[in-house]
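Enquirer: This is the content of work_36.txt (compact mmCIF, C-alpha atoms and all ligand atoms):
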# COMPACT_ATOMS: atom_id res chain seq x y z
CA MET A 1 -113.66 -150.85 126.28
CA LYS A 2 -114.83 -153.50 123.87
CA LEU A 3 -117.43 -156.24 124.15
CA PHE A 4 -116.87 -159.51 122.27
CA LEU A 5 -119.88 -161.79 121.85
CA GLY A 6 -118.58 -165.36 122.16
CA GLY A 7 -122.05 -166.95 122.28
CA VAL A 8 -125.58 -165.54 122.19
CA ARG A 9 -127.70 -168.73 122.10
CA GLY A 10 -129.83 -169.98 124.99
CA GLY A 11 -130.71 -173.57 125.87
CA SER A 12 -128.32 -175.83 124.01
CA PRO A 13 -125.59 -175.20 121.46
CA ILE A 14 -126.19 -175.93 117.79
CA ALA A 15 -123.65 -176.78 115.09
CA ASP A 16 -125.69 -176.43 111.92
CA PRO A 17 -125.12 -174.36 108.77
CA ALA A 18 -128.64 -172.92 109.12
CA TYR A 19 -127.50 -171.24 112.35
CA ALA A 20 -124.06 -170.10 111.21
CA ARG A 21 -124.59 -166.34 110.87
CA TYR A 22 -126.09 -165.65 114.31
CA GLY A 23 -124.10 -168.49 115.84
CA GLY A 24 -124.93 -171.65 117.75
CA ASP A 25 -122.81 -171.25 120.88
CA THR A 26 -124.33 -170.46 124.26
CA SER A 27 -123.74 -167.38 126.40
CA SER A 28 -120.22 -166.13 126.94
CA PHE A 29 -119.08 -162.50 126.75
CA LEU A 30 -115.63 -160.95 126.92
CA ILE A 31 -115.09 -157.37 128.07
CA GLU A 32 -111.77 -155.82 127.16
CA GLY A 33 -110.74 -152.73 129.13
CA GLU A 34 -108.50 -150.07 127.65
CA ALA A 35 -105.83 -150.82 130.27
CA GLY A 36 -105.69 -154.53 129.33
CA GLU A 37 -108.35 -155.83 131.75
CA ARG A 38 -109.95 -159.04 130.55
CA LEU A 39 -113.29 -159.93 132.10
CA ILE A 40 -115.51 -162.85 131.07
CA ILE A 41 -119.21 -163.00 131.84
CA ASP A 42 -120.58 -166.56 131.68
CA ALA A 43 -118.95 -169.70 130.41
CA GLY A 44 -121.34 -171.24 127.91
CA THR A 45 -119.88 -172.98 124.86
CA GLY A 46 -119.03 -169.53 123.47
CA LEU A 47 -116.15 -169.55 125.95
CA ARG A 48 -114.18 -171.46 123.28
CA LEU A 49 -114.29 -168.39 121.01
CA VAL A 50 -113.54 -166.09 123.92
CA TYR A 51 -110.40 -168.11 124.66
CA ASP A 52 -109.34 -168.06 120.99
CA ARG A 53 -109.60 -164.28 121.03
CA LEU A 54 -107.69 -163.95 124.32
CA LYS A 55 -104.91 -166.14 122.98
CA ALA A 56 -104.65 -164.30 119.66
CA GLN A 57 -104.59 -160.88 121.34
CA ASP A 58 -102.08 -161.34 124.10
CA SER A 59 -99.93 -164.42 124.35
CA ALA A 60 -98.50 -163.15 127.65
CA LEU A 61 -101.91 -162.95 129.38
CA ARG A 62 -102.07 -165.35 132.34
CA SER A 63 -105.00 -164.23 134.44
CA VAL A 64 -108.67 -163.68 133.88
CA LEU A 65 -111.74 -162.83 135.94
CA MET A 66 -114.92 -164.82 135.23
CA LEU A 67 -118.30 -163.62 136.49
CA PHE A 68 -121.28 -165.96 136.40
CA SER A 69 -124.81 -164.65 136.03
CA HIS A 70 -126.10 -168.00 137.34
CA PHE A 71 -125.29 -171.68 136.87
CA HIS A 72 -127.74 -173.02 134.33
CA LEU A 73 -125.95 -175.34 131.91
CA ASP A 74 -126.04 -172.98 128.94
CA HIS A 75 -123.93 -170.55 131.01
CA VAL A 76 -121.32 -172.98 132.36
CA SER A 77 -120.93 -175.85 129.90
CA GLY A 78 -117.79 -174.34 128.34
CA LEU A 79 -115.97 -174.18 131.68
CA PRO A 80 -114.58 -177.75 132.01
CA ALA A 81 -112.69 -177.50 128.70
CA PHE A 82 -111.35 -173.95 129.29
CA PRO A 83 -107.62 -174.39 128.50
CA PRO A 84 -106.25 -171.90 131.11
CA LEU A 85 -107.61 -174.15 133.91
CA TYR A 86 -105.10 -176.83 132.84
CA ASP A 87 -102.10 -174.49 132.83
CA GLU A 88 -100.11 -173.87 136.01
CA GLU A 89 -99.03 -170.45 134.72
CA TRP A 90 -102.62 -169.19 134.71
CA THR A 91 -104.77 -167.79 137.51
CA VAL A 92 -108.51 -167.99 136.99
CA GLU A 93 -110.73 -166.02 139.33
CA LEU A 94 -114.37 -167.15 139.48
CA ALA A 95 -117.02 -164.94 141.06
CA ALA A 96 -120.77 -165.25 141.53
CA ARG A 97 -123.57 -164.73 143.99
CA VAL A 98 -124.67 -167.65 146.18
CA PHE A 99 -127.43 -169.79 144.64
CA ASP A 100 -129.34 -172.43 146.64
CA ASP A 101 -126.85 -171.94 149.50
CA LEU A 102 -124.03 -172.96 147.16
CA SER A 103 -121.03 -170.77 146.42
CA VAL A 104 -119.28 -170.63 143.04
CA GLU A 105 -116.54 -172.76 144.63
CA ASP A 106 -119.04 -175.45 145.72
CA ILE A 107 -120.66 -175.51 142.30
CA ALA A 108 -117.47 -175.47 140.22
CA TYR A 109 -115.87 -178.29 142.22
CA SER A 110 -118.96 -180.50 142.04
CA PHE A 111 -119.66 -179.81 138.36
CA VAL A 112 -116.11 -180.08 136.99
CA HIS A 113 -115.72 -183.51 138.51
CA PRO A 114 -116.31 -187.19 137.64
CA PRO A 115 -118.68 -188.57 136.50
CA ILE A 116 -119.63 -185.32 134.71
CA TRP A 117 -116.06 -184.53 133.61
CA PRO A 118 -113.04 -186.86 133.72
CA LEU A 119 -110.58 -184.53 135.46
CA PRO A 120 -111.62 -182.94 138.77
CA LEU A 121 -111.16 -179.18 139.00
CA SER A 122 -109.04 -179.76 142.10
CA GLU A 123 -106.43 -181.52 139.91
CA MET A 124 -106.35 -178.81 137.24
CA LYS A 125 -103.11 -176.90 137.54
CA ALA A 126 -104.19 -173.25 137.27
CA GLY A 127 -104.29 -171.05 140.33
CA LYS A 128 -107.94 -170.67 141.30
CA ILE A 129 -109.50 -167.85 143.25
CA PHE A 130 -113.17 -167.93 144.25
CA ARG A 131 -115.15 -164.87 145.22
CA ILE A 132 -118.68 -164.55 146.55
CA LEU A 133 -120.60 -161.54 145.32
CA ASP A 134 -122.97 -160.02 147.86
CA ALA A 135 -126.68 -160.34 147.21
CA GLU A 136 -126.57 -157.01 145.43
CA SER A 137 -124.18 -154.20 144.76
CA MET A 138 -126.24 -151.26 143.68
CA GLU A 139 -124.18 -148.53 145.26
CA GLN A 140 -120.66 -149.82 145.83
CA ALA A 141 -118.86 -150.96 142.73
CA GLY A 142 -116.16 -153.62 142.79
CA GLU A 143 -112.99 -152.54 141.01
CA PHE A 144 -111.11 -154.60 138.44
CA GLY A 145 -108.22 -152.55 137.08
CA GLY A 146 -109.82 -149.50 135.55
CA LEU A 147 -113.26 -151.13 135.34
CA ARG A 148 -116.04 -150.77 137.89
CA ILE A 149 -118.40 -153.69 138.32
CA ARG A 150 -121.86 -153.60 139.84
CA TRP A 151 -124.47 -156.34 139.85
CA CYS A 152 -128.16 -156.73 140.42
CA PRO A 153 -130.30 -159.81 141.15
CA VAL A 154 -132.98 -160.36 138.48
CA HIS A 155 -136.05 -162.56 138.16
CA HIS A 156 -135.28 -166.02 136.70
CA PRO A 157 -135.97 -169.58 137.95
CA GLY A 158 -133.42 -170.08 140.74
CA GLY A 159 -132.24 -166.48 140.32
CA SER A 160 -129.86 -164.75 137.96
CA THR A 161 -127.61 -161.70 138.01
CA ALA A 162 -127.21 -158.70 135.72
CA PHE A 163 -123.82 -156.98 135.57
CA ARG A 164 -123.04 -153.34 134.93
CA ILE A 165 -119.49 -152.53 133.82
CA GLU A 166 -118.25 -148.95 133.73
CA GLU A 167 -114.93 -147.62 132.52
CA PRO A 168 -114.41 -144.13 133.96
CA ALA A 169 -111.36 -143.45 131.74
CA THR A 170 -113.48 -143.63 128.58
CA GLY A 171 -116.91 -142.94 130.08
CA GLY A 172 -118.12 -146.25 128.59
CA SER A 173 -120.76 -148.36 130.33
CA LEU A 174 -122.85 -151.45 129.63
CA VAL A 175 -125.31 -153.77 131.31
CA ILE A 176 -125.50 -157.48 130.48
CA ALA A 177 -128.74 -159.18 131.54
CA THR A 178 -128.68 -162.54 129.76
CA ASP A 179 -131.43 -164.34 131.64
CA ILE A 180 -134.28 -162.26 133.07
CA GLU A 181 -138.07 -162.67 132.99
CA TRP A 182 -139.71 -159.26 132.93
CA GLY A 183 -143.22 -160.66 132.68
CA GLU A 184 -142.96 -162.39 136.07
CA SER A 185 -140.84 -159.73 137.81
CA SER A 186 -142.37 -157.98 140.81
CA ASP A 187 -142.68 -154.19 140.88
CA GLU A 188 -139.70 -154.12 143.26
CA GLU A 189 -137.58 -156.26 140.93
CA LYS A 190 -138.49 -154.05 137.99
CA ALA A 191 -137.69 -150.85 139.87
CA LEU A 192 -134.37 -152.30 141.05
CA PHE A 193 -133.34 -153.30 137.52
CA GLU A 194 -134.37 -150.01 135.96
CA ARG A 195 -132.45 -148.08 138.59
CA PHE A 196 -129.48 -150.34 137.86
CA CYS A 197 -129.63 -149.60 134.11
CA GLY A 198 -130.34 -145.90 134.51
CA THR A 199 -128.19 -144.78 137.48
CA PRO A 200 -126.15 -142.62 137.46
CA THR A 201 -126.93 -142.46 133.72
CA GLY A 202 -128.38 -144.80 131.15
CA THR A 203 -125.65 -147.07 129.80
CA ASP A 204 -124.16 -146.93 126.31
CA LEU A 205 -125.34 -150.48 125.75
CA LEU A 206 -127.82 -152.95 127.23
CA VAL A 207 -127.52 -156.63 126.32
CA PHE A 208 -130.92 -158.08 127.20
CA ASP A 209 -132.65 -161.46 127.15
CA GLY A 210 -135.19 -161.38 124.32
CA LYS A 211 -135.70 -165.09 123.80
CA CYS A 212 -139.36 -164.42 123.02
CA GLY A 213 -141.25 -162.21 120.64
CA PRO A 214 -144.17 -160.19 122.05
CA ASP A 215 -146.65 -162.67 120.52
CA ASP A 216 -145.02 -165.94 121.58
CA TYR A 217 -144.22 -165.27 125.26
CA GLU A 218 -147.29 -166.88 126.90
CA PRO A 219 -146.34 -170.55 126.31
CA TYR A 220 -142.97 -169.74 127.92
CA ARG A 221 -144.29 -167.80 130.92
CA GLY A 222 -142.31 -168.95 133.95
CA TRP A 223 -139.38 -170.21 131.87
CA GLY A 224 -137.32 -167.20 132.89
CA HIS A 225 -137.11 -165.10 129.73
CA SER A 226 -138.36 -161.81 128.36
CA THR A 227 -139.52 -160.43 125.03
CA TRP A 228 -137.42 -158.19 122.84
CA LEU A 229 -140.17 -155.55 123.04
CA GLU A 230 -139.79 -155.43 126.83
CA GLY A 231 -136.07 -154.90 126.25
CA ILE A 232 -136.80 -151.90 124.01
CA GLU A 233 -139.23 -150.40 126.52
CA ILE A 234 -136.75 -150.77 129.39
CA ALA A 235 -133.89 -149.32 127.33
CA GLN A 236 -135.97 -146.32 126.36
CA ARG A 237 -137.24 -145.70 129.90
CA CYS A 238 -133.69 -145.92 131.30
CA ASP A 239 -132.11 -143.71 128.67
CA VAL A 240 -129.91 -146.53 127.38
CA LYS A 241 -128.32 -145.63 124.05
CA LYS A 242 -128.18 -149.00 122.25
CA LEU A 243 -129.79 -152.39 122.78
CA LEU A 244 -128.65 -155.86 121.76
CA ILE A 245 -131.09 -158.74 122.15
CA THR A 246 -129.53 -162.05 123.18
CA HIS A 247 -130.37 -165.63 124.31
CA HIS A 248 -131.87 -166.72 120.98
CA GLY A 249 -133.88 -169.93 121.25
CA THR A 250 -132.80 -173.10 119.52
CA ASP A 251 -135.87 -172.77 117.28
CA MET A 252 -134.42 -169.56 115.79
CA ASN A 253 -132.32 -170.37 112.72
CA ASP A 254 -130.70 -167.57 110.69
CA GLU A 255 -133.78 -167.07 108.57
CA ALA A 256 -136.01 -166.68 111.66
CA CYS A 257 -133.38 -164.44 113.29
CA ASP A 258 -133.35 -162.17 110.21
CA VAL A 259 -137.13 -161.74 110.46
CA ARG A 260 -136.91 -160.97 114.18
CA ASP A 261 -133.97 -158.62 113.67
CA ALA A 262 -135.99 -156.61 111.13
CA GLN A 263 -138.94 -156.39 113.56
CA ILE A 264 -136.66 -155.18 116.35
CA ARG A 265 -134.98 -152.53 114.19
CA GLU A 266 -138.33 -151.30 112.98
CA ALA A 267 -139.56 -150.96 116.58
CA TRP A 268 -136.47 -148.97 117.60
CA GLY A 269 -133.59 -147.90 115.37
CA GLU A 270 -131.06 -148.32 118.21
CA ALA A 271 -131.84 -152.01 118.79
CA ARG A 272 -131.04 -155.25 117.02
CA LEU A 273 -130.39 -158.94 117.46
CA ALA A 274 -126.90 -159.94 118.70
CA LYS A 275 -124.62 -162.06 116.51
CA GLN A 276 -121.93 -164.38 117.80
CA GLY A 277 -118.40 -163.16 117.03
CA GLU A 278 -119.21 -159.45 116.99
CA VAL A 279 -116.97 -156.86 118.63
CA ILE A 280 -118.67 -153.72 119.88
CA GLU A 281 -116.87 -150.59 120.98
CA ILE A 282 -118.22 -148.85 124.08
CA PRO A 283 -118.84 -145.97 123.89
CA SER A 284 -119.49 -146.55 120.21
CA SER A 285 -117.15 -144.92 117.73
CA PRO A 286 -118.74 -142.66 115.09
CA GLU A 287 -118.01 -145.21 112.32
CA GLN A 288 -119.54 -148.15 114.15
CA GLN A 289 -123.16 -148.87 113.50
CA ILE A 290 -124.55 -151.19 116.09
ZN ZN B 1 -129.75 -169.17 129.76
ZN ZN B 2 -131.03 -169.54 133.01
Go ahead and express the file in the form of structure tokens.
Ligand SMILES: [Zn+2]
Ligand SMILES: [Zn+2]

Expert:
Amino acid sequence: MKLFLGGVRGGSPIADPAYARYGGDTSSFLIEGEAGERLIIDAGTGLRLVYDRLKAQDSALRSVLMLFSHFHLDHVSGLPAFPPLYDEEWTVELAARVFDDLSVEDIAYSFVHPPIWPLPLSEMKAGKIFRILDAESMEQAGEFGGLRIRWCPVHHPGGSTAFRIEEPATGGSLVIATDIEWGESSDEEKALFERFCGTPTGTDLLVFDGKCGPDDYEPYRGWGHSTWLEGIEIAQRCDVKKLLITHHGTDMNDEACDVRDAQIREAWGEARLAKQGEVIEIPSSPEQQI
């Protein structure tokens, strides 16, 4: 399978030349299975690039599954303008855990609605399917074509969800944990997440929230984010092969990202900072350096 990084920014999107190389769009990831499965995780403004890629790859594609880690704005703000929602030939399946007693259906209908957005979701022509994910799915994977999907609740204000995608046909596996605060996680939450990353084996790739550096976390304690060093320690403990750090803060322009990227690589040769627009093969091919 392949992972396309549509957006790796947290907070708000930025259109500024000083942010062009790492990208200014907020979280959206596309997973492409070998058998043609197309799975989106989160619908930040990076969803625009995800759609461009879907369209360019397969003009006959008319259905997509979208998983939401949680519903903070930087993870949903691309949804109202997602072109397939306006097209009667498309079916869009939206799936998430329940947050604050609200299902993904409740949230999508209230958010994609006046006065926030001119056209209500109910009047958009696509077929819509809504699915509630159980509180956790550590043991029993959901199936989507040839992909297996598991999820795990993680510590974040209001809650968030990490997803593990496995492709038995290729042996590829990855975990995406965009918003997680390790420093405020309980021992139980930590054990749950590490078991998730490491069972049955450590994944080929972990995409992990490293909004903070190890020296600048304290002012952000309680904001819901981790440090890149915590990401490295988790990856190493769980036998994960490669690590990509995501959810870059809006204070991190390309120059600052380059400095952080060098620090991360020095700390562990299998880790680096994620860049918007990248395509990563999983498991990695011998030629691909991540
Ligand atoms: Zn976020
Ligand atoms: Zn969040």

Enquirer: Kindly indicate which residue among A:Leu54, A:Pro153, A:Val240, A:Gly210 lies nearest to Ala191 of chain A, using all atoms listed in the file for the distances.

Expert: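 The closest residue to Ala191 of chain A is A:Pro153.
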
Enquirer: Which is closest to ligand ZN 2 (chain B) among A:Ala81, A:Leu61, A:Ala177, A:Ile31, if we use all atoms listed in the file?

Expert: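 Answer, going by the shortest atom-to-atom distance: A:Ala177.
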
Enquirer: Do you know which residues are within 9 Å of ligand ZN 2 (chain B) using only C-alpha atoms and all ligand atoms? Can you write them as a list in words?

Expert: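 I would give the residues around ligand ZN 2 (chain B) as Gly10, Gly11, Ser69, His70, Phe71, His72, Leu73, Asp74, His75, His156, Pro157, Gly158, Gly159, Ser160, Thr178, Asp179, Ile180, Trp223, Gly224 and His225 of chain A.
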
Enquirer: Which distance in Å separates atom CA of Ser173 of chain A and atom CA of Thr91 of chain A, to one decimal?

Expert: 26.2 Å

Enquirer: Smallest atom-to-atom distance to ligand ZN 1 (chain B): which of A:Thr199, A:His247, A:Leu65, A:Ala235, using all atoms listed in the file?

Expert: A:His247

Enquirer: Pick the closest to ligand ZN 1 (chain B) from A:Asp209, A:Glu189, A:Asp261, A:Glu89: which is it, counting only C-alpha atoms and all ligand atoms?

Expert: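 Closest to ligand ZN 1 (chain B) of all the choices is A:Asp209.
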
Enquirer: Nearest residue to Ser27 of chain A out of A:Leu94, A:Ala15, A:Val207, A:Leu243, using only C-alpha atoms?

Expert: A:Val207

Enquirer: So how far away is atom CA of Leu229 of chain A from atom CA of Trp182 of chain A, in Å?

Expert: 10.6 Å

Enquirer: Suppose you want the space between atom CA of Asp239 of chain A and atom CA of Glu167 of chain A; what is it in Å?

Expert: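 Interatomic distance, atom CA of Asp239 of chain A to atom CA of Glu167 of chain A: 18.0 Å.
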
Enquirer: What's around Ala60 of chain A at 12 Å? Count only C-alpha atoms, leave out sequence neighbours fewer than 4 positions away in its own chain, and write the answer as a list in words.

Expert: Gly36, Leu54, Lys55, Ala56, Val64, Glu89 and Trp90 of chain A

Enquirer: Using all atoms listed in the file, which of the listed residues (A:Met66, A:Leu147, A:Val154, A:Ala95) sits closest to Lys2 of chain A?

Expert: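 Of A:Met66, A:Leu147, A:Val154, A:Ala95, the one nearest Lys2 of chain A, counting all atoms listed in the file, is A:Leu147.
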
Enquirer: Which residues, written as a PyMOL selection string, have at least one atom at most 7 Å from Val175 of chain A, with all atoms listed in the file counted and residues fewer than 4 positions away on the same chain left out?

Expert: chain A and resi 162-165+197+203+205-207

Enquirer: Enumerate, in order of chain and increasing residue number, the residues of segment 12-105 of chain A with an atom no farther than 8 Å from segment 270-285 of chain A, each with its shortest atom pair and distance in Å to one decimal, counting only C-alpha atoms, as CSV.

Expert:
residue,atom,partner,partner_atom,distance
A:Arg21,CA,A:Lys275,CA,7.1
A:Tyr22,CA,A:Lys275,CA,4.5
A:Gly23,CA,A:Gln276,CA,5.0
A:Gly24,CA,A:Gln276,CA,7.9
A:Asp25,CA,A:Gln276,CA,7.6
A:Leu49,CA,A:Gly277,CA,7.8

Enquirer: Would you mind exporting segment 90-112 of chain A with N, CA, C and O atoms, as a short mmCIF file (atom, residue, chain, number, x, y, z; two decimals), in the first residue's frame?

Expert:
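The resulting file, result_16.cif, is reproduced below:
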data_model
loop_
_atom_site.label_atom_id
_atom_site.label_comp_id
_atom_site.auth_asym_id
_atom_site.auth_seq_id
_atom_site.Cartn_x
_atom_site.Cartn_y
_atom_site.Cartn_z
N TRP A 90 -21.29 9.60 -6.60
CA TRP A 90 -20.35 9.18 -5.55
C TRP A 90 -21.06 8.66 -4.31
O TRP A 90 -22.17 9.09 -3.98
N THR A 91 -20.38 7.76 -3.61
CA THR A 91 -20.80 7.35 -2.26
C THR A 91 -19.65 7.64 -1.32
O THR A 91 -18.52 7.22 -1.56
N VAL A 92 -19.93 8.40 -0.29
CA VAL A 92 -18.91 8.75 0.69
C VAL A 92 -19.32 8.13 2.02
O VAL A 92 -20.42 8.39 2.53
N GLU A 93 -18.44 7.31 2.55
CA GLU A 93 -18.71 6.65 3.83
C GLU A 93 -17.88 7.34 4.90
O GLU A 93 -16.66 7.49 4.75
N LEU A 94 -18.53 7.81 5.96
CA LEU A 94 -17.83 8.54 7.03
C LEU A 94 -17.91 7.72 8.31
O LEU A 94 -19.01 7.28 8.70
N ALA A 95 -16.78 7.53 8.96
CA ALA A 95 -16.76 6.67 10.15
C ALA A 95 -15.91 7.30 11.24
O ALA A 95 -14.84 7.86 10.98
N ALA A 96 -16.41 7.22 12.46
CA ALA A 96 -15.66 7.74 13.62
C ALA A 96 -16.25 7.17 14.89
O ALA A 96 -17.38 6.66 14.90
N ARG A 97 -15.49 7.29 15.97
CA ARG A 97 -16.03 6.99 17.29
C ARG A 97 -17.02 8.09 17.68
O ARG A 97 -17.07 9.14 17.05
N VAL A 98 -17.76 7.84 18.74
CA VAL A 98 -18.68 8.85 19.29
C VAL A 98 -17.89 9.79 20.19
O VAL A 98 -17.08 9.34 21.00
N PHE A 99 -18.08 11.10 20.01
CA PHE A 99 -17.44 12.10 20.86
C PHE A 99 -18.52 12.99 21.47
O PHE A 99 -19.38 13.49 20.75
N ASP A 100 -18.45 13.20 22.79
CA ASP A 100 -19.45 14.03 23.47
C ASP A 100 -20.87 13.57 23.14
O ASP A 100 -21.75 14.42 22.90
N ASP A 101 -21.09 12.27 23.10
CA ASP A 101 -22.41 11.70 22.79
C ASP A 101 -22.88 12.01 21.37
O ASP A 101 -24.07 11.87 21.07
N LEU A 102 -21.99 12.50 20.52
CA LEU A 102 -22.39 12.83 19.15
C LEU A 102 -21.73 11.86 18.17
O LEU A 102 -20.53 11.60 18.25
N SER A 103 -22.54 11.35 17.24
CA SER A 103 -22.00 10.45 16.22
C SER A 103 -21.43 11.29 15.08
O SER A 103 -21.67 12.50 14.97
N VAL A 104 -20.71 10.62 14.18
CA VAL A 104 -20.17 11.32 13.00
C VAL A 104 -21.32 11.90 12.17
O VAL A 104 -21.19 12.99 11.59
N GLU A 105 -22.43 11.23 12.16
CA GLU A 105 -23.60 11.73 11.41
C GLU A 105 -24.12 13.02 12.04
O GLU A 105 -24.35 14.03 11.35
N ASP A 106 -24.26 13.03 13.37
CA ASP A 106 -24.72 14.25 14.07
C ASP A 106 -23.77 15.41 13.76
O ASP A 106 -24.20 16.53 13.46
N ILE A 107 -22.48 15.13 13.87
CA ILE A 107 -21.49 16.22 13.74
C ILE A 107 -21.43 16.71 12.30
O ILE A 107 -21.44 17.92 12.05
N ALA A 108 -21.40 15.79 11.34
CA ALA A 108 -21.29 16.21 9.93
C ALA A 108 -22.51 17.04 9.51
O ALA A 108 -22.37 18.07 8.85
N TYR A 109 -23.70 16.61 9.92
CA TYR A 109 -24.90 17.36 9.52
C TYR A 109 -24.98 18.73 10.19
O TYR A 109 -25.50 19.68 9.61
N SER A 110 -24.48 18.85 11.41
CA SER A 110 -24.56 20.17 12.06
C SER A 110 -23.45 21.10 11.61
O SER A 110 -23.62 22.32 11.58
N PHE A 111 -22.33 20.53 11.19
CA PHE A 111 -21.16 21.34 10.82
C PHE A 111 -21.26 21.78 9.35
O PHE A 111 -21.02 22.95 9.00
N VAL A 112 -21.65 20.86 8.48
CA VAL A 112 -21.80 21.21 7.05
C VAL A 112 -23.24 21.69 6.88
O VAL A 112 -24.12 20.98 6.38
#
